[in-house]
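See below for the structure under consideration.
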Amino acid sequence: MTSLYEHCNLCPRRCGVNRLRGERGYCGETAALRLACASIHRGEEPPVTGQGGSGTIFVSGCNLGCTFCQNWQISRRTDAQTMGREVSSEEFAAICIALEEKGAENINIVTGSHAIPAIAEGIDRAGERGLKIPVLWNSSAYETEEALEILIPRVDAWLPDLKTLDPALASRYFNAVDYPERAKATILKMLSLPHSLIIVRHLILPGHLESTREVLQWLAHRAIVSIMTQFTPVNGTDNMRYVNQEEYEQVLDWLGELGIEEGYCQEPARSSDWLPDFGRRNPFSARGDDASELSSPVWHWKDT
Ligand code: SF4
């Protein structure tokens with residue numbers, strides 16, 4: 001399966017680079033699978049967090065590269081390589097098993113669209129080692145049909161984003177004018193799968209509520225919706241701000257008008273204190289403690 005990296009057409013960017021020889025395309029990654037951290041996370045939607053927490057695995061690199069990414073330390077290639085460490089499929093499997101042993105309700109693979117062949121191998125190794133909990137795919141939905149076909153037999157639940165249906169915004173914020181069409185096709189495919197849990201996440205972009213309305217109209221009566229209001233200006237995000245109360249209330253009104261009753265909605269963020277720092281062993285604890293309410297670390301890229 002790793003031969004798919006030889007002339008990489010894995011995602012809609014279709015860079016054509018030879019990642020097996022160490023070349024890097026838009027996602028910034030070679031054929032080596034690099035991870036940033038794995039932890040028991042308790043801040044996901046209730047069915048994802050469950051009682052024991054979600055076993056999140058954050059993959060380094062990203063094929064979308066949003067300018068406002070909260071995980072920019074691991075997702076956005078700048079001059080230096082993003083944070084992360086290479087793992088083998090055996091080590092990936094060992095991380096999955098460790099998460100399960102710590103009580104995780106699922107394996108929640110975050111932003112791995114550019115590394116699907118290597119992750120698929122890792123999931124297979126974990127299955128051989130007796131992994132029993134479901135595998136959840138948590139992505140931007142910027143994926144090709146061929147890549148999805150690799151995932152479908154290995155994934156039990158889906159947590160795709162639908163960031164916008166406006167090609168101009170998609171071009172401006174993540175340089176992907178085709179994002180709306182690809183993401184819709186990806187989500188429709190996921191929705192067509194039998195017996196799968198699917199929750200579609202949408203992050204409100206401050207000042208672009210018309211985009212949120214369009215997304216909600218498309219999702220209404222199609223999918224369980226999770227509205228994210230945590231937009232926080234990060235390094236390199238010019239002229240951006242938090243979601244204000246008026247915008248938040250407008251979105252709540254639209255949920256009612258459109259009859260969207262099944263789903264989740266966050267409270268708007270008011271500060272950047274919650275932002276993860278992947279340089280800390282527990283990126284989701286402001287003090288880096290191992291035991292924060294939000295997450296407990298199981299593996300970190302700095303571990304030896
Ligand atoms: S996975 Fe990476 S290298 Fe391959 S097509 Fe997508 S962005 Fe390009």
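Labels for the structure tokens follow display order: chains A, B, ..., residues from 1 in each chain, ligands from 1.
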Show me which residues line ligand 1, defined as having an atom within 7 Å of a ligand atom where only C-alpha atoms and all ligand atoms count, and present them as a PyMOL selection string.
chain A and resi 5+8-17+19+24-29+63+113-115
Nearby residues (only C-alpha atoms) at most 6 Å from region 135-137 of chain A, same-chain spacing under 2 positions excluded, as a ChimeraX atom specification:
/A:106-109,155-159
From a DSSP calculation on the backbone, collect every residue of region 49-251 of chain A in strand (DSSP E) and output the set as JSON, numbers by chain.
{"A": [54, 55, 56, 57, 58, 59, 85, 86, 107, 108, 109, 110, 135, 136, 137, 138, 139, 157, 158, 159, 160, 197, 198, 199, 200, 201, 202, 203, 224, 225, 226, 227, 228]}
Of the listed residues A:Glu105, A:Ile57, A:Ile150, A:Gly263, that which approaches Thr2 (chain A) most closely, counting only C-alpha atoms
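Using only C-alpha atoms, the shortest distance to Thr2 (chain A) belongs to A:Ile150.
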Which neighbours of Ile227 (chain A) fall inside 7 Å, counting only C-alpha atoms, when residues of the same chain fewer than 6 positions from it are skipped, and could you give them as a PyMOL selection string?
chain A and resi 201-203+264-266
Residues just named, written with C-alpha atoms as a short mmCIF file (atom, residue, chain, number, x, y, z; two decimals), in the first residue's frame:
```
data_model
loop_
_atom_site.label_atom_id
_atom_site.label_comp_id
_atom_site.auth_asym_id
_atom_site.auth_seq_id
_atom_site.Cartn_x
_atom_site.Cartn_y
_atom_site.Cartn_z
CA ARG A 201 -18.14 19.37 12.59
CA HIS A 202 -18.34 22.97 11.48
CA LEU A 203 -16.10 25.70 12.87
CA TYR A 264 -23.84 19.70 19.68
CA CYS A 265 -22.76 23.31 20.09
CA GLN A 266 -19.81 24.74 22.03
#
```
Selection: 9 Å around Pro297 (chain A), only C-alpha atoms, excl. self and same-chain fewer than 6 positions, as a list in words:
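Here the answer would be Cys37, Ala38, Ser39, Ile40, His41, Arg281, Asn282, Pro283, Phe284, Asp290 and Ala291 of chain A.
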